>>> print(open('run01.txt').read())   # compact mmCIF, C-alpha atoms
# COMPACT_ATOMS: atom_id res chain seq x y z
CA MET U 9 26.12 -7.68 16.04
CA ALA U 10 22.87 -5.75 15.92
CA ASN U 11 19.87 -7.66 17.14
CA GLU U 12 16.91 -5.54 16.22
CA VAL U 13 13.56 -6.89 17.26
CA ILE U 14 10.29 -5.10 16.52
CA LEU U 15 6.85 -6.40 17.41
CA LEU U 16 3.85 -5.02 15.53
CA ASP U 17 0.94 -5.72 17.83
CA PHE U 18 -2.44 -4.65 19.16
CA TRP U 19 -2.71 -4.40 22.94
CA PRO U 20 -5.81 -6.62 23.59
CA SER U 21 -4.71 -9.38 21.20
CA MET U 22 -4.37 -12.69 23.03
CA PHE U 23 -2.13 -13.76 20.18
CA GLY U 24 0.19 -10.76 20.44
CA MET U 25 0.43 -11.50 24.17
CA ARG U 26 2.02 -14.87 23.36
CA THR U 27 4.87 -13.27 21.47
CA ARG U 28 5.40 -10.59 24.14
CA ILE U 29 5.65 -13.27 26.82
CA ALA U 30 8.06 -15.39 24.78
CA LEU U 31 10.37 -12.44 24.11
CA ARG U 32 10.40 -11.54 27.79
CA GLU U 33 10.99 -15.15 28.84
CA LYS U 34 14.17 -15.01 26.81
CA GLY U 35 15.17 -11.55 28.00
CA VAL U 36 15.10 -10.18 24.46
CA ASP U 37 14.99 -6.41 24.09
CA PHE U 38 12.29 -5.45 21.65
CA GLU U 39 10.47 -2.42 20.35
CA TYR U 40 6.71 -2.71 20.78
CA ARG U 41 4.70 -0.87 18.13
CA GLU U 42 0.97 -0.46 18.57
CA GLU U 43 -1.01 -0.90 15.35
CA ASN U 44 -4.32 0.75 14.59
CA LEU U 45 -6.20 -2.09 12.93
CA ARG U 46 -8.50 0.32 11.15
CA ASP U 47 -5.51 2.13 9.69
CA LYS U 48 -2.75 -0.42 9.27
CA SER U 49 0.78 0.88 8.95
CA PRO U 50 2.68 0.51 5.66
CA LEU U 51 5.21 -1.58 7.60
CA LEU U 52 2.55 -4.07 8.69
CA LEU U 53 1.19 -4.40 5.16
CA GLN U 54 4.70 -4.85 3.80
CA MET U 55 5.77 -7.37 6.44
CA ASN U 56 2.59 -9.46 6.40
CA PRO U 57 1.21 -9.01 2.89
CA VAL U 58 -0.50 -12.42 2.94
CA HIS U 59 -2.69 -11.96 6.02
CA LYS U 60 -2.18 -8.27 6.95
CA LYS U 61 -2.60 -9.26 10.61
CA ILE U 62 -0.83 -8.72 13.88
CA PRO U 63 1.28 -9.81 15.60
CA VAL U 64 4.27 -9.53 13.28
CA LEU U 65 7.73 -10.12 14.66
CA ILE U 66 10.49 -8.38 12.72
CA HIS U 67 13.97 -9.67 13.53
CA ASN U 68 16.81 -7.79 11.86
CA GLY U 69 14.38 -6.67 9.17
CA LYS U 70 12.94 -10.15 8.48
CA PRO U 71 9.31 -10.79 9.35
CA VAL U 72 7.88 -13.83 11.12
CA CYS U 73 4.08 -14.09 11.10
CA GLU U 74 1.57 -16.11 13.15
CA SER U 75 1.95 -16.07 16.92
CA SER U 76 2.57 -19.79 17.49
CA ILE U 77 5.19 -19.76 14.74
CA GLN U 78 6.77 -16.67 16.36
CA VAL U 79 6.96 -18.35 19.77
CA GLN U 80 8.71 -21.38 18.27
CA TYR U 81 11.03 -19.09 16.33
CA ILE U 82 11.90 -17.20 19.51
CA ASP U 83 12.56 -20.47 21.34
CA GLU U 84 14.87 -21.67 18.57
CA SER U 85 16.67 -18.35 18.06
CA TRP U 86 17.34 -17.66 21.75
CA SER U 87 17.91 -21.13 23.04
CA HIS U 88 20.22 -20.15 25.91
CA LYS U 89 17.57 -19.80 28.61
CA ASN U 90 14.02 -20.62 29.67
CA PRO U 91 13.21 -23.27 27.08
CA ILE U 92 9.64 -22.89 25.89
CA LEU U 93 9.12 -26.17 24.04
CA PRO U 94 10.02 -29.45 25.78
CA SER U 95 13.15 -31.24 24.62
CA ASP U 96 11.51 -34.65 24.30
CA PRO U 97 9.94 -35.14 20.83
CA TYR U 98 6.77 -36.75 22.18
CA GLN U 99 6.22 -34.00 24.77
CA ARG U 100 6.95 -31.46 22.06
CA ALA U 101 4.29 -33.03 19.83
CA GLN U 102 1.77 -32.90 22.67
CA ALA U 103 2.55 -29.21 23.27
CA ARG U 104 2.14 -28.44 19.56
CA PHE U 105 -1.11 -30.39 19.48
CA TRP U 106 -2.63 -28.34 22.30
CA VAL U 107 -1.58 -24.97 20.91
CA ASP U 108 -3.03 -26.08 17.57
CA PHE U 109 -6.24 -26.99 19.43
CA ILE U 110 -6.34 -23.54 21.02
CA ASP U 111 -5.62 -21.88 17.66
CA LYS U 112 -8.33 -23.81 15.85
CA LYS U 113 -11.09 -23.73 18.44
CA MET U 114 -10.76 -21.00 21.05
CA TYR U 115 -11.00 -17.84 18.97
CA GLU U 116 -14.25 -18.68 17.20
CA ALA U 117 -15.84 -20.07 20.34
CA GLN U 118 -14.97 -17.12 22.59
CA ARG U 119 -16.18 -14.69 19.98
CA LYS U 120 -19.70 -16.08 20.14
CA VAL U 121 -19.77 -15.55 23.88
CA TRP U 122 -19.48 -11.75 23.64
CA ALA U 123 -20.34 -10.91 20.03
CA SER U 124 -23.71 -12.58 19.80
CA LYS U 125 -26.93 -12.84 21.76
CA GLY U 126 -29.89 -15.12 22.34
CA GLU U 127 -29.73 -18.65 20.98
CA GLU U 128 -26.39 -18.15 19.21
CA GLN U 129 -24.80 -16.87 22.39
CA GLU U 130 -26.13 -19.77 24.47
CA THR U 131 -24.70 -22.28 22.01
CA GLY U 132 -21.43 -20.35 21.92
CA LYS U 133 -21.24 -20.34 25.71
CA LYS U 134 -21.78 -24.11 25.89
CA GLU U 135 -19.09 -24.75 23.28
CA PHE U 136 -16.69 -22.40 25.00
CA ILE U 137 -17.16 -23.97 28.42
CA GLU U 138 -16.69 -27.39 26.88
CA LEU U 139 -13.39 -26.30 25.35
CA LEU U 140 -12.21 -24.90 28.67
CA LYS U 141 -13.12 -28.17 30.36
CA ILE U 142 -11.13 -30.15 27.81
CA LEU U 143 -8.14 -27.90 28.49
CA GLU U 144 -8.65 -28.15 32.25
CA SER U 145 -8.76 -31.92 31.97
CA GLU U 146 -5.49 -31.85 30.03
CA LEU U 147 -3.93 -29.66 32.73
CA GLY U 148 -5.05 -32.07 35.45
CA ASP U 149 -3.19 -31.55 38.68
CA LYS U 150 -0.01 -30.28 37.08
CA PRO U 151 1.17 -26.75 37.87
CA TYR U 152 1.55 -26.01 34.15
CA PHE U 153 0.40 -27.74 30.99
CA GLY U 154 3.89 -29.08 30.33
CA GLY U 155 4.35 -30.25 33.91
CA ASP U 156 6.58 -28.48 36.38
CA ASP U 157 7.76 -25.82 33.98
CA PHE U 158 5.96 -22.94 32.33
CA GLY U 159 5.99 -23.48 28.58
CA TYR U 160 4.46 -23.40 25.14
CA VAL U 161 0.86 -24.34 25.95
CA ASP U 162 0.73 -21.99 28.95
CA ILE U 163 1.95 -19.19 26.69
CA GLY U 164 -0.59 -20.24 24.08
CA LEU U 165 -3.55 -19.98 26.42
CA ILE U 166 -2.83 -17.38 29.10
CA GLY U 167 -3.71 -14.32 26.95
CA PHE U 168 -7.33 -15.44 26.84
CA TYR U 169 -7.43 -15.04 30.65
CA THR U 170 -7.51 -11.25 30.31
CA TRP U 171 -10.73 -11.67 28.33
CA PHE U 172 -12.38 -13.94 30.93
CA PRO U 173 -14.08 -11.22 32.99
CA GLY U 174 -15.53 -9.87 29.72
CA TYR U 175 -16.85 -13.31 28.77
CA GLU U 176 -18.33 -13.71 32.23
CA LYS U 177 -19.99 -10.31 32.14
CA TYR U 178 -21.58 -10.65 28.72
CA GLY U 179 -22.13 -14.38 28.85
CA ASN U 180 -23.49 -14.21 32.37
CA PHE U 181 -21.57 -17.11 33.86
CA SER U 182 -18.62 -17.80 36.12
CA ILE U 183 -15.56 -19.44 34.60
CA GLU U 184 -14.17 -20.14 38.06
CA ALA U 185 -17.30 -22.10 38.94
CA GLU U 186 -16.95 -24.17 35.77
CA CYS U 187 -13.16 -24.57 35.73
CA PRO U 188 -11.56 -23.78 39.08
CA LYS U 189 -8.27 -25.53 38.27
CA LEU U 190 -7.88 -23.47 35.13
CA ILE U 191 -8.34 -20.25 37.11
CA ALA U 192 -5.77 -21.42 39.66
CA TRP U 193 -3.39 -22.17 36.78
CA ALA U 194 -3.97 -18.70 35.29
CA LYS U 195 -3.23 -16.99 38.60
CA ARG U 196 -0.06 -19.04 38.88
CA CYS U 197 1.02 -17.88 35.42
CA MET U 198 0.27 -14.26 36.30
CA GLN U 199 2.94 -14.51 39.03
CA ARG U 200 5.54 -14.80 36.33
CA GLU U 201 7.14 -11.50 35.41
CA SER U 202 7.09 -12.16 31.66
CA VAL U 203 3.33 -12.75 31.84
CA ALA U 204 2.49 -9.90 34.23
CA LYS U 205 4.40 -7.44 32.03
CA SER U 206 2.82 -8.68 28.80
CA LEU U 207 -0.86 -8.80 29.68
CA PRO U 208 -3.12 -5.75 29.82
CA ASP U 209 -5.53 -5.06 32.68
CA SER U 210 -8.66 -7.16 32.41
CA GLU U 211 -10.75 -4.06 33.04
CA LYS U 212 -9.34 -2.41 29.96
CA VAL U 213 -10.08 -5.52 27.91
CA THR U 214 -13.65 -5.68 29.22
CA GLN U 215 -14.13 -2.05 28.21
CA PHE U 216 -12.67 -2.88 24.79
CA ILE U 217 -15.22 -5.69 24.43
CA ALA U 218 -17.99 -3.27 25.41
CA ASP U 219 -16.85 -0.88 22.67
CA LEU U 220 -16.76 -3.71 20.13
CA ARG U 221 -20.27 -4.81 21.09
CA LYS U 222 -21.54 -1.27 20.49
CA ALA U 223 -19.70 -1.11 17.18
CA PHE U 224 -21.18 -4.46 16.09
CA GLY U 225 -24.63 -3.49 17.29
CA VAL U 226 -24.85 -6.35 19.75
CA GLU U 227 -25.96 -4.11 22.62
CA MET T 9 21.35 -50.96 16.20
CA ALA T 10 18.64 -50.52 18.88
CA GLU T 11 17.56 -53.72 20.59
CA ARG T 12 14.02 -52.68 21.42
CA SER T 13 11.42 -52.95 18.73
CA GLU T 14 10.07 -49.76 17.29
CA GLU T 15 6.40 -50.05 16.62
CA VAL T 16 5.05 -47.46 14.24
CA LYS T 17 1.42 -47.62 13.21
CA LEU T 18 -0.51 -45.11 11.13
CA LEU T 19 -4.27 -44.82 11.38
CA GLY T 20 -5.15 -43.27 8.05
CA MET T 21 -7.20 -43.24 4.88
CA TRP T 22 -5.90 -44.13 1.45
CA ALA T 23 -7.42 -41.07 -0.27
CA SER T 24 -6.69 -38.47 2.39
CA PRO T 25 -3.95 -35.93 1.62
CA PHE T 26 -3.35 -35.52 5.35
CA SER T 27 -2.79 -39.23 5.82
CA ARG T 28 -0.61 -39.59 2.68
CA ARG T 29 1.70 -36.79 3.76
CA VAL T 30 2.56 -38.76 6.90
CA GLU T 31 3.31 -41.79 4.73
CA ILE T 32 5.61 -39.66 2.57
CA ALA T 33 7.52 -38.51 5.65
CA LEU T 34 7.87 -42.01 7.10
CA THR T 35 8.94 -43.42 3.74
CA LEU T 36 11.43 -40.60 3.18
CA LYS T 37 13.05 -41.49 6.51
CA GLY T 38 12.95 -45.21 5.82
CA VAL T 39 10.79 -45.87 8.89
CA PRO T 40 8.88 -49.17 8.65
CA TYR T 41 5.27 -48.78 9.65
CA GLU T 42 1.97 -50.57 9.72
CA PHE T 43 -0.85 -48.82 7.90
CA SER T 44 -4.37 -49.26 9.21
CA GLU T 45 -7.14 -48.05 6.89
CA GLN T 46 -9.84 -46.34 8.94
CA ASP T 47 -13.54 -46.05 8.21
CA ILE T 48 -14.56 -42.52 9.18
CA ALA T 49 -18.24 -43.34 8.94
CA ASN T 50 -17.73 -46.08 11.49
CA LYS T 51 -14.82 -45.02 13.69
CA SER T 52 -12.78 -47.76 15.32
CA PRO T 53 -12.33 -47.91 19.10
CA LEU T 54 -8.60 -47.49 18.53
CA LEU T 55 -9.10 -44.26 16.62
CA LEU T 56 -11.50 -42.85 19.21
CA GLN T 57 -9.16 -43.80 22.01
CA SER T 58 -6.06 -42.45 20.23
CA ASN T 59 -7.57 -39.13 19.18
CA PRO T 60 -10.44 -38.44 21.58
CA VAL T 61 -10.27 -34.67 20.99
CA HIS T 62 -10.75 -34.58 17.21
CA LYS T 63 -11.62 -38.21 16.42
CA MET T 64 -9.87 -37.80 13.06
CA ILE T 65 -7.15 -39.39 11.00
CA PRO T 66 -4.24 -39.37 10.61
CA VAL T 67 -3.01 -40.59 13.97
CA LEU T 68 0.52 -41.89 14.37
CA LEU T 69 1.08 -44.46 17.09
CA HIS T 70 4.72 -44.76 18.08
CA ASN T 71 5.27 -47.58 20.54
CA GLY T 72 1.61 -47.21 21.43
CA LYS T 73 1.74 -43.46 22.08
CA PRO T 74 -0.57 -41.41 19.85
CA ILE T 75 0.23 -38.21 17.98
CA SER T 76 -2.56 -36.41 16.12
CA GLU T 77 -2.82 -33.56 13.57
CA SER T 78 -0.79 -34.09 10.42
CA LEU T 79 1.50 -31.06 10.79
CA VAL T 80 2.26 -32.02 14.39
CA ILE T 81 2.94 -35.60 13.23
CA LEU T 82 5.33 -34.40 10.50
CA GLU T 83 7.34 -32.37 13.01
CA TYR T 84 7.38 -35.32 15.40
CA ILE T 85 8.72 -37.59 12.66
CA ASP T 86 11.41 -35.04 11.83
CA ASP T 87 12.35 -34.67 15.54
CA THR T 88 12.49 -38.43 16.10
CA TRP T 89 14.23 -39.72 12.96
CA GLN T 90 17.00 -37.32 12.03
CA ASN T 91 18.03 -38.68 8.64
CA ASN T 92 16.74 -36.95 5.48
CA PRO T 93 15.56 -33.86 7.35
CA ILE T 94 12.21 -32.44 6.33
CA LEU T 95 12.39 -29.03 8.01
CA PRO T 96 15.32 -26.67 7.45
CA GLN T 97 17.91 -26.17 10.22
CA ASP T 98 17.85 -22.40 10.40
CA PRO T 99 15.11 -20.92 12.67
CA TYR T 100 14.03 -18.31 10.12
CA HIS T 101 13.62 -20.84 7.34
CA ARG T 102 11.80 -23.15 9.73
CA ALA T 103 9.40 -20.32 10.55
CA MET T 104 8.85 -19.71 6.83
CA ALA T 105 8.21 -23.41 6.21
CA ARG T 106 5.68 -23.53 9.04
CA PHE T 107 4.01 -20.39 7.71
CA TRP T 108 3.57 -21.80 4.20
CA ALA T 109 2.42 -25.18 5.47
CA ARG T 110 -0.32 -23.47 7.47
CA PHE T 111 -1.19 -21.37 4.45
CA VAL T 112 -1.74 -24.50 2.37
CA ASP T 113 -3.88 -26.16 5.02
CA GLU T 114 -5.83 -23.19 6.36
CA GLN T 115 -6.22 -21.07 3.23
CA ILE T 116 -5.76 -23.08 0.04
CA TYR T 117 -7.41 -26.26 1.31
CA VAL T 118 -10.46 -24.50 2.75
CA THR T 119 -11.05 -22.47 -0.41
CA ALA T 120 -10.33 -25.38 -2.75
CA MET T 121 -12.91 -27.52 -0.94
CA LYS T 122 -15.53 -25.03 -2.07
CA VAL T 123 -14.53 -25.62 -5.70
CA VAL T 124 -15.47 -29.25 -5.28
CA GLY T 125 -18.43 -28.77 -2.99
CA LYS T 126 -20.24 -25.88 -4.67
CA VAL T 127 -21.87 -25.38 -8.05
CA GLY T 128 -22.54 -22.53 -10.45
CA GLU T 129 -21.57 -19.04 -9.41
CA GLU T 130 -20.44 -20.08 -5.93
CA ARG T 131 -18.00 -22.44 -7.58
CA ASP T 132 -16.70 -19.71 -9.91
CA VAL T 133 -16.02 -17.48 -6.92
CA ALA T 134 -14.18 -20.35 -5.21
CA VAL T 135 -12.07 -20.96 -8.31
CA GLU T 136 -11.02 -17.30 -8.43
CA ALA T 137 -10.24 -17.26 -4.73
CA THR T 138 -8.19 -20.45 -5.01
CA ARG T 139 -6.22 -19.02 -7.91
CA ASP T 140 -5.44 -15.86 -5.93
CA LEU T 141 -4.00 -18.01 -3.16
CA LEU T 142 -2.08 -20.23 -5.57
CA LYS T 143 -0.42 -17.16 -7.09
CA LEU T 144 1.46 -16.82 -3.80
CA LEU T 145 2.71 -20.39 -4.05
CA GLU T 146 3.65 -19.74 -7.68
CA LYS T 147 5.79 -16.82 -6.56
CA GLU T 148 7.50 -18.94 -3.91
CA LEU T 149 8.60 -21.44 -6.56
CA VAL T 150 10.43 -19.00 -8.84
CA GLY T 151 14.06 -20.10 -9.14
CA LYS T 152 13.51 -23.22 -7.00
CA ASN T 153 13.08 -26.88 -7.80
CA PHE T 154 10.93 -27.46 -4.78
CA LEU T 155 9.20 -25.27 -2.19
CA GLY T 156 11.90 -26.51 0.15
CA GLY T 157 14.60 -25.29 -2.21
CA GLU T 158 16.99 -27.79 -3.80
CA ARG T 159 15.31 -30.77 -2.27
CA LEU T 160 11.84 -31.83 -1.19
CA GLY T 161 10.91 -30.40 2.20
CA PHE T 162 8.14 -29.80 4.68
CA VAL T 163 6.10 -27.45 2.50
CA ASP T 164 6.36 -29.73 -0.55
CA ILE T 165 5.08 -32.65 1.48
CA VAL T 166 2.16 -30.58 2.78
CA ALA T 167 1.49 -29.04 -0.64
CA THR T 168 1.09 -32.46 -2.29
CA LEU T 169 -2.49 -31.56 -1.40
CA VAL T 170 -2.32 -29.05 -4.26
CA ALA T 171 -0.37 -31.24 -6.69
CA PHE T 172 -2.25 -34.50 -6.29
CA TRP T 173 -5.60 -33.57 -4.86
CA LEU T 174 -6.62 -30.09 -5.99
CA MET T 175 -5.12 -30.56 -9.44
CA ARG T 176 -6.70 -33.99 -9.80
CA THR T 177 -10.14 -32.55 -9.10
CA GLU T 178 -9.83 -30.50 -12.29
CA GLU T 179 -10.63 -33.53 -14.37
CA VAL T 180 -13.67 -34.36 -12.31
CA VAL T 181 -14.92 -30.80 -11.79
CA GLY T 182 -14.34 -29.92 -15.45
CA VAL T 183 -12.65 -26.64 -14.57
CA LYS T 184 -8.96 -25.91 -15.08
CA VAL T 185 -8.42 -24.39 -11.63
CA VAL T 186 -4.64 -24.37 -12.14
CA PRO T 187 -4.04 -23.72 -15.85
CA VAL T 188 -0.42 -24.05 -16.95
CA GLU T 189 -0.45 -20.62 -18.63
CA MET T 190 -1.28 -19.01 -15.32
CA PHE T 191 0.85 -21.30 -13.15
CA PRO T 192 3.92 -22.49 -15.08
CA GLU T 193 6.03 -22.78 -11.89
CA ILE T 194 3.46 -24.95 -10.12
CA HIS T 195 3.28 -27.25 -13.14
CA ARG T 196 7.07 -27.49 -13.25
CA TRP T 197 7.09 -28.26 -9.54
CA VAL T 198 4.54 -31.08 -9.98
CA GLU T 199 6.83 -32.63 -12.62
CA ASN T 200 9.73 -32.37 -10.18
CA LEU T 201 7.66 -34.08 -7.49
CA LEU T 202 6.74 -36.91 -9.82
CA ASP T 203 10.46 -37.53 -10.36
CA VAL T 204 10.92 -38.30 -6.67
CA ASP T 205 10.58 -42.02 -5.90
CA VAL T 206 9.08 -41.49 -2.47
CA ILE T 207 6.34 -39.31 -3.93
CA LYS T 208 5.55 -41.75 -6.73
CA LYS T 209 5.32 -44.51 -4.17
CA CYS T 210 3.13 -42.67 -1.68
CA ILE T 211 0.47 -40.84 -3.65
CA PRO T 212 -2.87 -42.58 -4.36
CA PRO T 213 -3.05 -44.38 -7.73
CA GLU T 214 -4.55 -41.93 -10.21
CA ASP T 215 -7.49 -43.90 -11.65
CA GLU T 216 -8.81 -45.12 -8.34
CA HIS T 217 -8.30 -41.67 -6.92
CA LEU T 218 -10.24 -39.93 -9.68
CA ASN T 219 -13.14 -42.34 -9.21
CA TYR T 220 -13.11 -41.65 -5.51
CA ILE T 221 -13.06 -37.87 -6.00
CA LYS T 222 -15.94 -38.09 -8.44
CA ALA T 223 -18.02 -40.14 -6.01
CA ARG T 224 -17.27 -37.70 -3.16
CA MET T 225 -18.14 -34.73 -5.32
CA ASP T 226 -21.47 -36.26 -6.34
CA SER T 227 -22.41 -36.85 -2.74
CA LEU T 228 -21.33 -33.32 -1.73
CA LYS T 229 -23.37 -31.81 -4.55
CA LEU T 230 -26.38 -33.79 -3.47
CA LYS T 231 -25.92 -32.46 0.05
CA SER T 232 -25.59 -28.84 -1.07
CA VAL T 233 -28.72 -29.05 -3.22
CA GLN T 234 -30.85 -30.68 -0.51
>>> encode(input="run01.txt", output="structure tokens")
Amino acid sequence: MANEVILLDFWPSMFGMRTRIALREKGVDFEYREENLRDKSPLLLQMNPVHKKIPVLIHNGKPVCESSIQVQYIDESWSHKNPILPSDPYQRAQARFWVDFIDKKMYEAQRKVWASKGEEQETGKKEFIELLKILESELGDKPYFGGDDFGYVDIGLIGFYTWFPGYEKYGNFSIEAECPKLIAWAKRCMQRESVAKSLPDSEKVTQFIADLRKAFGVE
Amino acid sequence: MAERSEEVKLLGMWASPFSRRVEIALTLKGVPYEFSEQDIANKSPLLLQSNPVHKMIPVLLHNGKPISESLVILEYIDDTWQNNPILPQDPYHRAMARFWARFVDEQIYVTAMKVVGKVGEERDVAVEATRDLLKLLEKELVGKNFLGGERLGFVDIVATLVAFWLMRTEEVVGVKVVPVEMFPEIHRWVENLLDVDVIKKCIPPEDEHLNYIKARMDSLKLKSVQ
């Protein structure tokens, strides 16, 4: 039976990275299609008419939108290996809670760090560091957020790591100094093939941020 | 039958759509629970301890262990008590249900709040924006009794926010945000919901609720004018 999987994505998206990782964790063959967000493809607009955003996962012609929904879908559709969500309902709820936390808080907070300046940037930085500290505290001394195994929350957060050097450069601070355990966790995740293959070079992302700053007139 | 006692406690608020949806789910599954009305202006130590990250209701405590965020709680309830399933079985339909639930909470709710909280032209803009979003829900209902299909499901439970909160504000706001001519399917769906015992049992009593909404609106208006 044909199993056609297409991912409409944008290379620096920390959300697209989640779906890439999940597909690779499961060993699913997929076609990656780069979208130009200033000139969205007819396919993207047709498959995600509500939000018109990437990533969009298209499985045998049917679209699944929203990265955390895609990761759960992938886990449920290819349940034969590398489980992403825990099997215990309570652990599962905790994992969902933390990805929801990341979804609700991280994007806005990190944006202020590189897309603003002066007072607004300082406030943004403080908020962002506070969020990272909450996450670091949740990680504790565990190798991964879920415990011994790489899973849903790790996938939910790791994409942001490629943006860290950019935040540090434009926010003028060291994330490692603030959250050493989180950096150690990130490096551990990067050892995983699915992650290493799915994340772009940090340098490229930092350059992308520089271009955005120019475009937004932040420089 | 299990020997150990199951202790289920819900920290909630009688007028909150997020709290009521958890009650609907628990009632649908026949799970006995203790409801504890919380005062958000004066948060209890239990609430702060159970949800230190957001400090918000609803929080479900199952044998003392807390679960926060209403959508997370609903999935937990469905995972834990398997009778009368809320989410569909098939992964694609589950993904669709999750997508629409988020849409209600992140798009409709946020825009609808502006209808209540703003005045004049800002309110008119919010009404238009809310209607645009509701048109998508309207489309989803064509040929279905419920958003979940034949029976009440995850999205219906979440979308009670539209049926019994947004639509109830119409009376107080004095604007028909969801006119029947524009949204015949949504109106039909609300009638279907009202036929379900669990829904009737779990939504806030109308009169009290309208008074509450009016009082909230007045205080929000005061804030926006200040």
>>> atom_distance(input="run01.txt", atom1="atom CA of U:Asn68", atom2="atom CA of U:Phe23")
21.5 Å
>>> interface_residues(input="run01.txt", of="chain T", to="chain U", cutoff="7 Å", atoms="all atoms listed in the file", output="list in words")
Ile75, Glu77, Val80, Tyr84, Asp87, Thr88, Pro99, Tyr100, Ala103 and Arg106 of chain T
>>> closest_residue(input="run01.txt", among="U:Phe172, U:Phe136, U:Phe158, U:Tyr178", to="U:Ile110", atoms="only C-alpha atoms")
U:Phe136
>>> atom_distance(input="run01.txt", atom1="atom CA of U:Lys113", atom2="atom CA of U:Ser182")
20.1 Å
>>> closest_residue(input="run01.txt", among="T:Glu148, T:Glu216, T:Glu178, T:Asp226", to="T:Ile194", atoms="only C-alpha atoms")
T:Glu148
>>> atom_distance(input="run01.txt", atom1="atom CA of U:Lys89", atom2="atom CA of U:Glu33")
8.1 Å
>>> build_atoms(input="run01.txt", residues="stretch 155-168 of chain T", atoms="N, CA and C atoms", output="PDB file, keeping the file's coordinate frame")
ATOM      1  N   LEU T 155       9.521 -26.320  -3.165  1.00  0.00           N
ATOM      2  CA  LEU T 155       9.200 -25.270  -2.190  1.00  0.00           C
ATOM      3  C   LEU T 155      10.247 -25.262  -1.084  1.00  0.00           C
ATOM      4  N   GLY T 156      10.848 -26.419  -0.855  1.00  0.00           N
ATOM      5  CA  GLY T 156      11.900 -26.510   0.150  1.00  0.00           C
ATOM      6  C   GLY T 156      13.258 -26.066  -0.354  1.00  0.00           C
ATOM      7  N   GLY T 157      13.334 -25.735  -1.635  1.00  0.00           N
ATOM      8  CA  GLY T 157      14.600 -25.290  -2.210  1.00  0.00           C
ATOM      9  C   GLY T 157      15.146 -26.334  -3.180  1.00  0.00           C
ATOM     10  N   GLU T 158      16.376 -26.796  -2.929  1.00  0.00           N
ATOM     11  CA  GLU T 158      16.990 -27.790  -3.800  1.00  0.00           C
ATOM     12  C   GLU T 158      16.296 -29.140  -3.721  1.00  0.00           C
ATOM     13  N   ARG T 159      15.919 -29.460  -2.494  1.00  0.00           N
ATOM     14  CA  ARG T 159      15.310 -30.770  -2.270  1.00  0.00           C
ATOM     15  C   ARG T 159      13.915 -30.629  -1.689  1.00  0.00           C
ATOM     16  N   LEU T 160      13.180 -31.707  -1.767  1.00  0.00           N
ATOM     17  CA  LEU T 160      11.840 -31.830  -1.190  1.00  0.00           C
ATOM     18  C   LEU T 160      11.898 -31.522   0.303  1.00  0.00           C
ATOM     19  N   GLY T 161      10.942 -30.698   0.774  1.00  0.00           N
ATOM     20  CA  GLY T 161      10.910 -30.400   2.200  1.00  0.00           C
ATOM     21  C   GLY T 161       9.503 -30.400   2.741  1.00  0.00           C
ATOM     22  N   PHE T 162       9.388 -29.841   3.921  1.00  0.00           N
ATOM     23  CA  PHE T 162       8.140 -29.800   4.680  1.00  0.00           C
ATOM     24  C   PHE T 162       6.976 -29.233   3.862  1.00  0.00           C
ATOM     25  N   VAL T 163       7.201 -28.091   3.219  1.00  0.00           N
ATOM     26  CA  VAL T 163       6.100 -27.450   2.500  1.00  0.00           C
ATOM     27  C   VAL T 163       5.711 -28.264   1.274  1.00  0.00           C
ATOM     28  N   ASP T 164       6.673 -28.880   0.614  1.00  0.00           N
ATOM     29  CA  ASP T 164       6.360 -29.730  -0.550  1.00  0.00           C
ATOM     30  C   ASP T 164       5.468 -30.884  -0.119  1.00  0.00           C
ATOM     31  N   ILE T 165       5.845 -31.505   0.990  1.00  0.00           N
ATOM     32  CA  ILE T 165       5.080 -32.650   1.480  1.00  0.00           C
ATOM     33  C   ILE T 165       3.644 -32.222   1.793  1.00  0.00           C
ATOM     34  N   VAL T 166       3.497 -31.094   2.443  1.00  0.00           N
ATOM     35  CA  VAL T 166       2.160 -30.580   2.780  1.00  0.00           C
ATOM     36  C   VAL T 166       1.415 -30.179   1.504  1.00  0.00           C
ATOM     37  N   ALA T 167       2.140 -29.547   0.579  1.00  0.00           N
ATOM     38  CA  ALA T 167       1.490 -29.040  -0.640  1.00  0.00           C
ATOM     39  C   ALA T 167       1.206 -30.116  -1.674  1.00  0.00           C
ATOM     40  N   THR T 168       1.517 -31.374  -1.382  1.00  0.00           N
ATOM     41  CA  THR T 168       1.090 -32.460  -2.290  1.00  0.00           C
ATOM     42  C   THR T 168      -0.438 -32.401  -2.373  1.00  0.00           C
TER      43      THR T 168
END
